[in-house]
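Peer 1: What follows is the file upload.cif, containing mmCIF, C-alpha atoms (C1' of nucleotides):
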data_protein
loop_
_atom_site.label_atom_id
_atom_site.label_comp_id
_atom_site.auth_asym_id
_atom_site.auth_seq_id
_atom_site.Cartn_x
_atom_site.Cartn_y
_atom_site.Cartn_z
CA MET A 1 0.64 -10.54 -25.90
CA ALA A 2 2.80 -13.45 -24.90
CA LEU A 3 6.13 -11.96 -25.94
CA ASP A 4 6.37 -10.51 -22.44
CA HIS A 5 5.91 -13.96 -21.00
CA ALA A 6 8.23 -15.67 -23.44
CA ILE A 7 10.94 -13.21 -22.38
CA LEU A 8 10.19 -13.76 -18.70
CA VAL A 9 10.48 -17.53 -19.12
CA SER A 10 13.74 -17.13 -20.99
CA LEU A 11 15.14 -14.83 -18.29
CA LEU A 12 14.07 -17.25 -15.58
CA GLU A 13 15.89 -20.02 -17.38
CA LYS A 14 18.93 -17.74 -17.52
CA PRO A 15 19.35 -13.99 -17.01
CA GLY A 16 20.79 -12.13 -19.97
CA SER A 17 20.94 -8.98 -22.06
CA GLY A 18 18.64 -7.89 -24.85
CA TYR A 19 21.22 -8.99 -27.34
CA GLU A 20 21.52 -12.43 -25.79
CA LEU A 21 17.74 -12.78 -25.76
CA ALA A 22 17.66 -11.86 -29.44
CA ARG A 23 20.11 -14.68 -30.11
CA ARG A 24 17.97 -17.11 -28.12
CA PHE A 25 14.98 -16.07 -30.18
CA GLU A 26 16.92 -17.17 -33.23
CA ARG A 27 17.52 -20.55 -31.63
CA SER A 28 15.72 -22.61 -29.02
CA ILE A 29 12.88 -20.30 -28.06
CA GLY A 30 12.70 -18.96 -31.60
CA TYR A 31 11.34 -22.27 -32.81
CA PHE A 32 8.02 -21.62 -31.12
CA TRP A 33 8.12 -17.86 -30.71
CA THR A 34 9.82 -15.30 -32.94
CA ALA A 35 10.86 -11.74 -32.10
CA SER A 36 13.25 -9.17 -33.49
CA HIS A 37 15.79 -7.36 -31.35
CA GLN A 38 13.84 -4.11 -31.72
CA GLN A 39 10.79 -5.75 -30.24
CA ILE A 40 12.81 -7.28 -27.44
CA TYR A 41 14.48 -4.02 -26.40
CA ARG A 42 11.12 -2.27 -26.43
CA VAL A 43 9.49 -4.88 -24.21
CA LEU A 44 12.48 -5.04 -21.87
CA LYS A 45 12.26 -1.28 -21.38
CA ARG A 46 8.56 -1.48 -20.61
CA MET A 47 8.92 -4.41 -18.23
CA GLU A 48 11.76 -2.63 -16.46
CA GLY A 49 9.50 0.39 -16.02
CA ASP A 50 6.79 -1.84 -14.61
CA GLY A 51 9.22 -3.40 -12.16
CA TRP A 52 8.87 -6.85 -13.67
CA ILE A 53 12.60 -7.20 -14.25
CA ASP A 54 15.81 -5.88 -12.71
CA VAL A 55 18.81 -4.52 -14.60
CA ARG A 56 22.47 -4.81 -13.80
CA ASP A 57 25.21 -3.09 -15.78
CA VAL A 58 27.88 -5.57 -16.72
CA PRO A 59 31.19 -4.14 -17.97
CA GLN A 60 32.88 -6.41 -20.45
CA GLN A 61 36.35 -6.35 -21.93
CA GLY A 62 36.92 -6.66 -25.65
CA ARG A 63 33.30 -5.76 -26.32
CA PRO A 64 30.70 -3.12 -25.35
CA ASP A 65 29.14 -3.24 -21.91
CA LYS A 66 25.76 -4.90 -21.57
CA LYS A 67 22.70 -4.67 -19.38
CA GLU A 68 21.86 -7.96 -17.79
CA TYR A 69 18.20 -8.44 -17.00
CA SER A 70 16.73 -10.81 -14.43
CA VAL A 71 13.17 -11.44 -13.32
CA ALA A 72 11.90 -9.52 -10.28
CA ALA A 73 9.18 -10.68 -7.92
CA ALA A 74 6.51 -8.70 -9.78
CA GLY A 75 7.55 -10.38 -13.01
CA ARG A 76 7.23 -13.80 -11.47
CA ASP A 77 3.77 -12.89 -10.23
CA ALA A 78 2.75 -11.65 -13.66
CA LEU A 79 3.97 -14.86 -15.25
CA SER A 80 2.19 -16.92 -12.65
CA ALA A 81 -1.06 -15.06 -13.30
CA TRP A 82 -0.72 -15.60 -17.04
CA LEU A 83 -0.07 -19.31 -16.55
CA GLY A 84 -3.36 -19.51 -14.70
CA GLU A 85 -5.37 -17.89 -17.48
CA PRO A 86 -6.81 -20.11 -20.16
CA ILE A 87 -5.59 -19.38 -23.68
CA GLU A 88 -7.61 -20.36 -26.62
CA PRO A 89 -7.47 -20.25 -30.28
CA GLU A 90 -3.91 -20.81 -31.51
CA SER A 91 -4.55 -18.63 -34.49
CA VAL A 92 -2.93 -20.42 -37.39
CA ARG A 93 -1.30 -18.83 -40.42
CA HIS A 94 -0.16 -21.25 -43.07
CA ASP A 95 0.89 -19.20 -46.09
CA LEU A 96 1.78 -22.37 -47.91
CA ALA A 97 -1.73 -23.78 -47.56
CA VAL A 98 -3.13 -20.58 -49.07
CA LYS A 99 -0.67 -20.91 -51.93
CA ILE A 100 -1.57 -24.54 -52.54
CA ARG A 101 -5.28 -23.82 -52.76
CA GLY A 102 -4.52 -20.76 -54.87
CA ALA A 103 -2.42 -22.82 -57.27
CA ALA A 104 -5.63 -24.38 -58.58
CA PHE A 105 -6.25 -21.06 -60.34
CA ASP A 106 -2.74 -20.77 -61.71
CA ASP A 107 -0.19 -23.42 -62.61
CA PRO A 108 -0.09 -26.08 -59.88
CA ALA A 109 3.21 -27.51 -61.08
CA ALA A 110 4.87 -24.11 -60.67
CA LEU A 111 4.66 -24.57 -56.91
CA ILE A 112 6.81 -27.69 -56.88
CA GLY A 113 10.08 -25.84 -56.40
CA GLU A 114 8.65 -23.79 -53.56
CA VAL A 115 7.33 -26.85 -51.77
CA GLN A 116 10.68 -28.59 -52.18
CA ARG A 117 12.40 -25.62 -50.56
CA HIS A 118 10.06 -25.83 -47.61
CA ARG A 119 10.61 -29.58 -47.31
CA GLN A 120 14.35 -28.95 -47.23
CA ALA A 121 13.96 -26.26 -44.56
CA HIS A 122 11.93 -28.61 -42.38
CA THR A 123 14.38 -31.44 -42.94
CA ASP A 124 17.21 -29.18 -41.83
CA ARG A 125 15.32 -28.04 -38.78
CA LEU A 126 14.49 -31.62 -37.82
CA ALA A 127 18.17 -32.54 -38.03
CA HIS A 128 18.96 -29.53 -35.86
CA TYR A 129 16.38 -30.57 -33.26
CA LEU A 130 17.57 -34.17 -33.18
CA ALA A 131 21.16 -33.04 -32.72
CA GLY A 132 20.06 -30.79 -29.87
CA GLU A 133 18.14 -33.62 -28.28
CA ALA A 134 21.10 -35.98 -28.51
CA ARG A 135 23.33 -33.28 -26.99
CA ASP A 136 21.08 -31.96 -24.23
CA PHE A 137 18.99 -34.99 -23.35
CA PRO A 138 21.16 -38.10 -23.63
CA GLY A 139 20.34 -41.20 -21.60
CA HIS A 140 16.61 -40.95 -21.82
CA ALA A 141 15.56 -42.54 -18.52
CA THR A 142 17.62 -40.69 -15.95
CA ALA A 143 17.58 -42.18 -12.48
CA GLY A 144 17.97 -38.82 -10.75
CA PRO A 145 15.24 -36.70 -9.21
CA LEU A 146 12.72 -35.03 -11.45
CA ASP A 147 14.09 -31.80 -12.91
CA ALA A 148 11.03 -29.83 -14.04
CA GLU A 149 12.91 -27.29 -16.13
CA ARG A 150 14.77 -30.00 -18.01
CA GLU A 151 11.81 -32.33 -18.46
CA LEU A 152 9.56 -29.57 -19.71
CA GLN A 153 12.16 -28.25 -22.12
CA HIS A 154 12.47 -31.78 -23.43
CA VAL A 155 8.76 -32.28 -23.96
CA VAL A 156 8.56 -28.99 -25.87
CA LEU A 157 11.49 -30.11 -28.01
CA ARG A 158 9.75 -33.43 -28.68
CA GLY A 159 6.79 -31.36 -29.87
CA GLY A 160 9.05 -29.54 -32.30
CA ILE A 161 10.40 -32.85 -33.58
CA ALA A 162 6.91 -34.28 -34.04
CA TYR A 163 5.87 -31.11 -35.89
CA GLU A 164 8.79 -31.25 -38.31
CA ARG A 165 8.25 -34.94 -39.02
CA MET A 166 4.58 -34.32 -39.70
CA MET A 167 5.37 -31.41 -42.00
CA ILE A 168 7.94 -33.37 -43.99
CA ALA A 169 5.49 -36.23 -44.51
CA TRP A 170 2.75 -33.82 -45.54
CA LEU A 171 5.01 -31.92 -47.95
CA GLU A 172 5.81 -35.27 -49.60
CA ASP A 173 2.09 -35.76 -49.99
CA VAL A 174 1.76 -32.27 -51.48
CA LEU A 175 4.60 -32.92 -53.92
CA ALA A 176 3.01 -36.16 -55.08
CA THR A 177 -0.29 -34.34 -55.58
CA LEU A 178 1.29 -31.43 -57.48
CA GLY A 179 3.27 -33.90 -59.60
CA ARG A 180 0.06 -35.25 -61.04
CA PHE A 181 -0.62 -31.87 -62.63
CA GLN A 182 2.69 -31.60 -64.41
CA ALA A 183 2.83 -31.16 -68.18
CA GLY A 184 2.15 -34.41 -69.94
CA HIS A 185 -0.82 -35.41 -67.80
CA MET B 1 0.34 -9.80 -45.90
CA ALA B 2 -1.35 -12.93 -47.12
CA LEU B 3 -4.85 -12.08 -45.94
CA ASP B 4 -5.37 -10.37 -49.29
CA HIS B 5 -4.40 -13.55 -51.08
CA ALA B 6 -6.39 -15.82 -48.80
CA ILE B 7 -9.47 -13.72 -49.60
CA LEU B 8 -8.69 -13.78 -53.33
CA VAL B 9 -8.40 -17.57 -53.27
CA SER B 10 -11.65 -17.87 -51.38
CA LEU B 11 -13.42 -15.55 -53.83
CA LEU B 12 -12.04 -17.51 -56.78
CA GLU B 13 -13.38 -20.69 -55.26
CA LYS B 14 -16.72 -18.95 -54.88
CA PRO B 15 -17.73 -15.26 -55.02
CA GLY B 16 -19.40 -13.94 -51.89
CA SER B 17 -19.99 -11.08 -49.48
CA GLY B 18 -17.84 -9.93 -46.60
CA TYR B 19 -20.20 -11.64 -44.24
CA GLU B 20 -19.98 -14.93 -46.13
CA LEU B 21 -16.19 -14.68 -46.20
CA ALA B 22 -16.20 -14.14 -42.45
CA ARG B 23 -18.21 -17.37 -42.08
CA ARG B 24 -15.74 -19.22 -44.29
CA PHE B 25 -12.91 -17.92 -42.14
CA GLU B 26 -14.61 -19.60 -39.22
CA ARG B 27 -14.71 -22.86 -41.15
CA SER B 28 -12.61 -24.34 -43.94
CA ILE B 29 -10.18 -21.53 -44.65
CA GLY B 30 -10.16 -20.51 -41.02
CA TYR B 31 -8.30 -23.65 -40.11
CA PHE B 32 -5.15 -22.36 -41.72
CA TRP B 33 -5.82 -18.65 -41.76
CA THR B 34 -7.87 -16.65 -39.27
CA ALA B 35 -9.45 -13.25 -39.76
CA SER B 36 -12.20 -11.24 -38.12
CA HIS B 37 -15.01 -9.66 -40.08
CA GLN B 38 -13.57 -6.20 -39.39
CA GLN B 39 -10.33 -7.19 -41.02
CA ILE B 40 -12.14 -8.73 -43.97
CA TYR B 41 -14.30 -5.66 -44.69
CA ARG B 42 -11.27 -3.44 -44.45
CA VAL B 43 -9.26 -5.52 -46.90
CA LEU B 44 -12.22 -5.89 -49.28
CA LYS B 45 -12.58 -2.11 -49.38
CA ARG B 46 -8.91 -1.68 -50.17
CA MET B 47 -8.87 -4.37 -52.84
CA GLU B 48 -11.96 -2.89 -54.41
CA GLY B 49 -10.20 0.48 -54.53
CA ASP B 50 -7.21 -1.16 -56.19
CA GLY B 51 -9.42 -2.82 -58.78
CA TRP B 52 -8.52 -6.32 -57.63
CA ILE B 53 -12.16 -7.28 -57.08
CA ASP B 54 -15.56 -6.30 -58.48
CA VAL B 55 -18.69 -5.61 -56.44
CA ARG B 56 -22.28 -6.37 -57.26
CA ASP B 57 -25.21 -5.27 -55.11
CA VAL B 58 -27.46 -8.21 -54.41
CA PRO B 59 -30.92 -7.41 -52.97
CA GLN B 60 -32.22 -10.14 -50.74
CA GLN B 61 -35.60 -10.76 -49.24
CA GLY B 62 -36.05 -11.49 -45.57
CA ARG B 63 -32.58 -10.18 -44.82
CA PRO B 64 -30.42 -7.12 -45.52
CA ASP B 65 -28.95 -6.64 -48.97
CA LYS B 66 -25.39 -7.74 -49.52
CA LYS B 67 -22.43 -6.84 -51.70
CA GLU B 68 -21.13 -9.79 -53.62
CA TYR B 69 -17.46 -9.61 -54.47
CA SER B 70 -15.69 -11.45 -57.26
CA VAL B 71 -12.09 -11.43 -58.44
CA ALA B 72 -11.17 -9.05 -61.27
CA ALA B 73 -8.34 -9.55 -63.75
CA ALA B 74 -5.99 -7.37 -61.71
CA GLY B 75 -6.70 -9.49 -58.66
CA ARG B 76 -5.87 -12.65 -60.55
CA ASP B 77 -2.60 -11.11 -61.67
CA ALA B 78 -1.76 -10.06 -58.13
CA LEU B 79 -2.43 -13.56 -56.86
CA SER B 80 -0.39 -15.07 -59.66
CA ALA B 81 2.54 -12.78 -58.85
CA TRP B 82 2.34 -13.72 -55.18
CA LEU B 83 2.27 -17.41 -56.00
CA GLY B 84 5.53 -16.94 -57.86
CA GLU B 85 7.28 -15.26 -54.94
CA PRO B 86 9.11 -17.44 -52.45
CA ILE B 87 7.82 -17.21 -48.90
CA GLU B 88 9.98 -18.05 -46.04
CA PRO B 89 9.91 -18.33 -42.37
CA GLU B 90 6.46 -19.41 -41.20
CA SER B 91 6.83 -17.44 -38.01
CA VAL B 92 5.51 -19.69 -35.30
CA ARG B 93 3.66 -18.69 -32.16
CA HIS B 94 2.93 -21.50 -29.75
CA ASP B 95 1.57 -19.95 -26.56
CA LEU B 96 1.20 -23.38 -25.05
CA ALA B 97 4.88 -24.17 -25.50
CA VAL B 98 5.75 -20.94 -23.69
CA LYS B 99 3.40 -21.92 -20.88
CA ILE B 100 4.85 -25.39 -20.60
CA ARG B 101 8.39 -24.13 -20.27
CA GLY B 102 7.16 -21.43 -17.91
CA ALA B 103 5.41 -24.00 -15.72
CA ALA B 104 8.84 -25.16 -14.53
CA PHE B 105 8.95 -21.96 -12.45
CA ASP B 106 5.43 -22.35 -11.11
CA ASP B 107 3.34 -25.45 -10.48
CA PRO B 108 3.67 -27.83 -13.44
CA ALA B 109 0.65 -29.87 -12.40
CA ALA B 110 -1.54 -26.75 -12.53
CA LEU B 111 -1.27 -26.82 -16.31
CA ILE B 112 -2.89 -30.24 -16.64
CA GLY B 113 -6.41 -28.88 -16.98
CA GLU B 114 -5.35 -26.39 -19.61
CA VAL B 115 -3.56 -29.04 -21.66
CA GLN B 116 -6.60 -31.31 -21.41
CA ARG B 117 -8.78 -28.53 -22.78
CA HIS B 118 -6.44 -28.12 -25.72
CA ARG B 119 -6.40 -31.85 -26.35
CA GLN B 120 -10.18 -31.83 -26.39
CA ALA B 121 -10.25 -28.91 -28.83
CA HIS B 122 -7.87 -30.71 -31.18
CA THR B 123 -9.83 -33.93 -30.88
CA ASP B 124 -13.01 -32.08 -31.83
CA ARG B 125 -11.34 -30.40 -34.74
CA LEU B 126 -9.96 -33.70 -36.00
CA ALA B 127 -13.43 -35.21 -35.91
CA HIS B 128 -14.73 -32.19 -37.81
CA TYR B 129 -12.03 -32.57 -40.48
CA LEU B 130 -12.63 -36.29 -40.86
CA ALA B 131 -16.36 -35.71 -41.25
CA GLY B 132 -15.64 -33.07 -43.88
CA GLU B 133 -13.32 -35.42 -45.71
CA ALA B 134 -15.87 -38.22 -45.72
CA ARG B 135 -18.52 -35.79 -46.99
CA ASP B 136 -16.52 -33.89 -49.62
CA PHE B 137 -13.99 -36.47 -50.76
CA PRO B 138 -15.66 -39.87 -50.75
CA GLY B 139 -14.41 -42.62 -53.07
CA HIS B 140 -10.76 -41.80 -52.80
CA ALA B 141 -9.51 -42.88 -56.23
CA THR B 142 -11.87 -41.15 -58.62
CA ALA B 143 -11.63 -42.31 -62.20
CA GLY B 144 -12.53 -38.90 -63.61
CA PRO B 145 -10.16 -36.25 -64.96
CA LEU B 146 -7.91 -34.41 -62.54
CA ASP B 147 -9.74 -31.58 -60.80
CA ALA B 148 -7.03 -29.26 -59.51
CA GLU B 149 -9.27 -27.26 -57.20
CA ARG B 150 -10.65 -30.38 -55.59
CA GLU B 151 -7.37 -32.27 -55.33
CA LEU B 152 -5.55 -29.30 -53.83
CA GLN B 153 -8.31 -28.63 -51.32
CA HIS B 154 -8.06 -32.27 -50.33
CA VAL B 155 -4.31 -32.22 -49.83
CA VAL B 156 -4.62 -29.13 -47.64
CA LEU B 157 -7.30 -30.88 -45.62
CA ARG B 158 -5.03 -33.91 -45.25
CA GLY B 159 -2.45 -31.51 -43.85
CA GLY B 160 -4.95 -30.30 -41.29
CA ILE B 161 -5.75 -33.87 -40.32
CA ALA B 162 -2.07 -34.74 -39.96
CA TYR B 163 -1.54 -31.63 -37.84
CA GLU B 164 -4.38 -32.45 -35.46
CA ARG B 165 -3.24 -36.05 -35.06
CA MET B 166 0.28 -34.91 -34.31
CA MET B 167 -0.97 -32.36 -31.78
CA ILE B 168 -3.17 -34.88 -29.98
CA ALA B 169 -0.28 -37.34 -29.69
CA TRP B 170 2.03 -34.61 -28.44
CA LEU B 171 -0.48 -33.31 -25.90
CA GLU B 172 -0.74 -36.87 -24.54
CA ASP B 173 3.02 -36.80 -24.15
CA VAL B 174 2.79 -33.44 -22.38
CA LEU B 175 0.11 -34.76 -20.02
CA ALA B 176 2.21 -37.80 -19.16
CA THR B 177 5.17 -35.52 -18.45
CA LEU B 178 3.15 -33.08 -16.33
CA GLY B 179 1.61 -36.00 -14.44
CA ARG B 180 5.02 -36.96 -13.11
CA PHE B 181 5.15 -33.67 -11.21
CA GLN B 182 1.84 -34.09 -9.42
CA ALA B 183 1.66 -34.00 -5.65
CA GLY B 184 2.80 -37.28 -4.18
CA HIS B 185 5.87 -37.61 -6.33
"C1'" DG C 1 44.74 3.92 -41.61
"C1'" DC C 2 40.60 1.91 -43.50
"C1'" DT C 3 37.19 -1.44 -43.96
"C1'" DT C 4 34.72 -5.31 -42.41
"C1'" DG C 5 32.30 -7.64 -38.94
"C1'" DC C 6 30.62 -8.82 -34.48
"C1'" DT C 7 28.71 -7.20 -30.02
"C1'" DA C 8 25.36 -4.10 -28.05
"C1'" DT C 9 21.51 -0.71 -27.77
"C1'" DG C 10 18.00 1.94 -29.45
"C1'" DC C 11 14.45 5.37 -32.20
"C1'" DA C 12 10.94 6.47 -35.74
"C1'" DA C 13 7.54 5.37 -38.92
"C1'" DC C 14 4.40 2.46 -40.94
"C1'" DG C 15 1.39 -1.24 -41.69
"C1'" DA C 16 -1.01 -5.26 -39.90
"C1'" DA C 17 -3.99 -7.03 -36.60
"C1'" DG C 18 -7.09 -7.16 -32.55
"C1'" DT C 19 -10.77 -5.00 -29.52
"C1'" DG C 20 -14.70 -2.41 -28.78
"C1'" DC C 21 -18.49 -0.19 -30.44
"C1'" DA C 22 -22.25 1.28 -33.75
"C1'" DT C 23 -25.89 0.76 -37.15
"C1'" DA C 24 -29.62 -1.43 -39.66
"C1'" DG C 25 -33.11 -4.89 -41.64
"C1'" DC C 26 -35.96 -8.36 -40.53
"C1'" DA C 27 -37.87 -12.72 -38.06
"C1'" DG C 28 -39.81 -14.93 -34.18
"C1'" DG C 29 -41.17 -15.46 -29.61
"C1'" DA C 30 -42.50 -13.67 -24.87
"C1'" DT D 1 -44.73 -4.32 -28.08
"C1'" DC D 2 -40.38 -5.32 -26.76
"C1'" DC D 3 -36.48 -8.22 -26.70
"C1'" DT D 4 -33.49 -11.53 -28.68
"C1'" DG D 5 -30.91 -13.13 -32.44
"C1'" DC D 6 -29.25 -13.60 -37.06
"C1'" DT D 7 -27.71 -11.27 -41.34
"C1'" DA D 8 -24.93 -7.52 -43.02
"C1'" DT D 9 -21.61 -3.62 -42.94
"C1'" DG D 10 -18.53 -0.62 -41.01
"C1'" DC D 11 -15.55 2.98 -37.90
"C1'" DA D 12 -12.20 4.17 -34.20
"C1'" DC D 13 -8.65 3.10 -31.19
"C1'" DT D 14 -4.87 0.64 -29.75
"C1'" DT D 15 -1.43 -2.75 -29.81
"C1'" DC D 16 1.81 -5.52 -32.10
"C1'" DG D 17 5.22 -6.42 -35.55
"C1'" DT D 18 8.26 -5.08 -39.40
"C1'" DT D 19 11.44 -2.09 -41.75
"C1'" DG D 20 14.76 1.24 -41.97
"C1'" DC D 21 17.98 3.73 -39.79
"C1'" DA D 22 21.53 5.29 -36.25
"C1'" DT D 23 25.17 4.90 -32.87
"C1'" DA D 24 29.15 2.95 -30.53
"C1'" DG D 25 33.10 -0.20 -28.85
"C1'" DC D 26 36.42 -3.12 -30.21
"C1'" DA D 27 39.04 -6.86 -33.04
"C1'" DA D 28 41.15 -8.51 -37.15
"C1'" DG D 29 42.75 -8.18 -41.68
"C1'" DC D 30 44.20 -5.57 -45.83
#
Could you write out this file's structure as structure tokens?

Peer 2:
Amino acid sequence: MALDHAILVSLLEKPGSGYELARRFERSIGYFWTASHQQIYRVLKRMEGDGWIDVRDVPQQGRPDKKEYSVAAAGRDALSAWLGEPIEPESVRHDLAVKIRGAAFDDPAALIGEVQRHRQAHTDRLAHYLAGEARDFPGHATAGPLDAERELQHVVLRGGIAYERMMIAWLEDVLATLGRFQAGH
Amino acid sequence: MALDHAILVSLLEKPGSGYELARRFERSIGYFWTASHQQIYRVLKRMEGDGWIDVRDVPQQGRPDKKEYSVAAAGRDALSAWLGEPIEPESVRHDLAVKIRGAAFDDPAALIGEVQRHRQAHTDRLAHYLAGEARDFPGHATAGPLDAERELQHVVLRGGIAYERMMIAWLEDVLATLGRFQAGH
DNA sequence: GCTTGCTATGCAACGAAGTGCATAGCAGGA
DNA sequence: TCCTGCTATGCACTTCGTTGCATAGCAAGC
């Protein structure tokens, strides 16, 4: 159950409301951890009850009021404890790989369109990452003091970039393989 | 809900019992889709009830009897229908990325051991994949007719290999980044 | 005035998935 | 003989995630 911890990290990076967290989970954090707003509100409520986070009512003009959450001492401790625990298996779920192996028992060429869509999605996401990197991490070798938050965000982003590049290359490989089964061969 | 379809694909590749499927989910298939034996038995029971798969009691000597499942016509149709549906988001869950960003608010260097463990696990898995490739797909350019099942299994395996290589390279990057925060700097 | 759309929060129900536990046959060794 | 360990199957409980729905404030346009 790392959604708790993903939310804690996000709130440490910047306090915010459930709604704002939901937006973040569509963007930056969402690229390595997904969550719906219903899930987020539920977890926020539980963590508030457990004293992991504090709430502050923030009146706004021109829009409904919001509840701004920030991490309490107990929440920091919980995060710290979790960071110390080993995590293991990285349970993987690649629907597309199941489909590709399944296509052997159907029409392999029928998957081409689907794979192309995925390649496009990964190409788009890569472009998005690279734009974010250029915007948030310009001037690669900064002379200033080490900023852990920034450096660690950057290395995670580089992981996302490496992942997308790998996927695009692999999907090209898949397309070439599927192409060999097209009508006429 | 692709566990159904992952099981169907596995049973099409080779009929087997729940226990055998559970073993496969620890090996080949398990590298892109994980499932416990409890899950597998539950889904088998449901699919049997829906007429997607057939059962055959197989007495064995020296060990308990088993139920061998194979895919029925309705199961093939269900798989075929699923193959035709677009799938989308590939919801990602990278615990380690959460930990890395969280480490900014704790001791970044404390994560080094954990990241090394992960690097080792990915290195082992890569070696396992490469051994499997050498065993099951020797003589890369076979002159024979196109074997869809074999070719598609191979391209999925190549995806696994690419993934592990990418992860190992990224984890090296992470270690280098974490190292800059060690005591003394 | 009405509708659309964004911000903002939440409940209820269901299905998927994970954890723990139970049973049973049989082999092999202490 | 008892214990360990592998094959083989399964139930019960709980947690997590998804889907559908509901409410409410306010702005902007028709």

Peer 1: Written as a list in words, what is the full residue list that the PyMOL selection byres ((chain A) within 12 of (chain D)) yields on the file shown?

Peer 2: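 Taken over the shown coordinates, the PyMOL selection byres ((chain A) within 12 of (chain D)) returns Met1, Ala2, Leu3, Asp4, Thr34, Ala35, Ser36, His37, Gln38, Gln39, Ile40, Arg42, Val43, Pro59, Gln60, Gln61, Gly62, Arg63, Pro64, Asp65 and Lys66 of chain A.
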
Peer 1: As a list in words, could you give me every residue of chain B near chain A (at most 6 Å apart, counting only C-alpha atoms)?

Peer 2: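 Result, ordered by chain then number: Ala6, Val9, Phe32, Trp33, Val92, Arg93, His94, Val98, Arg101, Gly102, Ala104, Ala148, Glu149, Leu152, Gln153, Gly159 and Trp170 of chain B.
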
Peer 1: Give me, as a ChimeraX atom specification, the contact residues of chain C against chain B at a cut-off of 8 Å, counting only C-alpha atoms (C1' of nucleotides).

Peer 2: /C:16-17,25-27

Peer 1: Let me know the residues the PyMOL selection byres ((chain A and resi 51) around 12) catches in the file above, as a PDB file with C-alpha atoms, in the coordinates of the input.

Peer 2:
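And here is the file that came out, out_36.pdb:
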ATOM      1  CA  LEU A  44      12.480  -5.040 -21.870  1.00  0.00           C
ATOM      2  CA  LYS A  45      12.260  -1.280 -21.380  1.00  0.00           C
ATOM      3  CA  ARG A  46       8.560  -1.480 -20.610  1.00  0.00           C
ATOM      4  CA  MET A  47       8.920  -4.410 -18.230  1.00  0.00           C
ATOM      5  CA  GLU A  48      11.760  -2.630 -16.460  1.00  0.00           C
ATOM      6  CA  GLY A  49       9.500   0.390 -16.020  1.00  0.00           C
ATOM      7  CA  ASP A  50       6.790  -1.840 -14.610  1.00  0.00           C
ATOM      8  CA  TRP A  52       8.870  -6.850 -13.670  1.00  0.00           C
ATOM      9  CA  ILE A  53      12.600  -7.200 -14.250  1.00  0.00           C
ATOM     10  CA  ASP A  54      15.810  -5.880 -12.710  1.00  0.00           C
ATOM     11  CA  VAL A  55      18.810  -4.520 -14.600  1.00  0.00           C
ATOM     12  CA  TYR A  69      18.200  -8.440 -17.000  1.00  0.00           C
ATOM     13  CA  SER A  70      16.730 -10.810 -14.430  1.00  0.00           C
ATOM     14  CA  VAL A  71      13.170 -11.440 -13.320  1.00  0.00           C
ATOM     15  CA  ALA A  72      11.900  -9.520 -10.280  1.00  0.00           C
ATOM     16  CA  ALA A  73       9.180 -10.680  -7.920  1.00  0.00           C
ATOM     17  CA  ALA A  74       6.510  -8.700  -9.780  1.00  0.00           C
ATOM     18  CA  GLY A  75       7.550 -10.380 -13.010  1.00  0.00           C
ATOM     19  CA  ARG A  76       7.230 -13.800 -11.470  1.00  0.00           C
ATOM     20  CA  ASP A  77       3.770 -12.890 -10.230  1.00  0.00           C
ATOM     21  CA  ALA A  78       2.750 -11.650 -13.660  1.00  0.00           C
TER      22      ALA A  78
END

Peer 1: Just the number, please: distance in Å from atom CA of A:Ile112 to atom CA of A:Arg125, one decimal.

Peer 2: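 About the pair atom CA of A:Ile112 and atom CA of A:Arg125: they are 20.0 Å apart.
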
Peer 1: In Å, rounded to a single decimal, give me how far atom CA of B:Ala22 is from atom CA of B:Glu68.

Peer 2: 13.0 Å
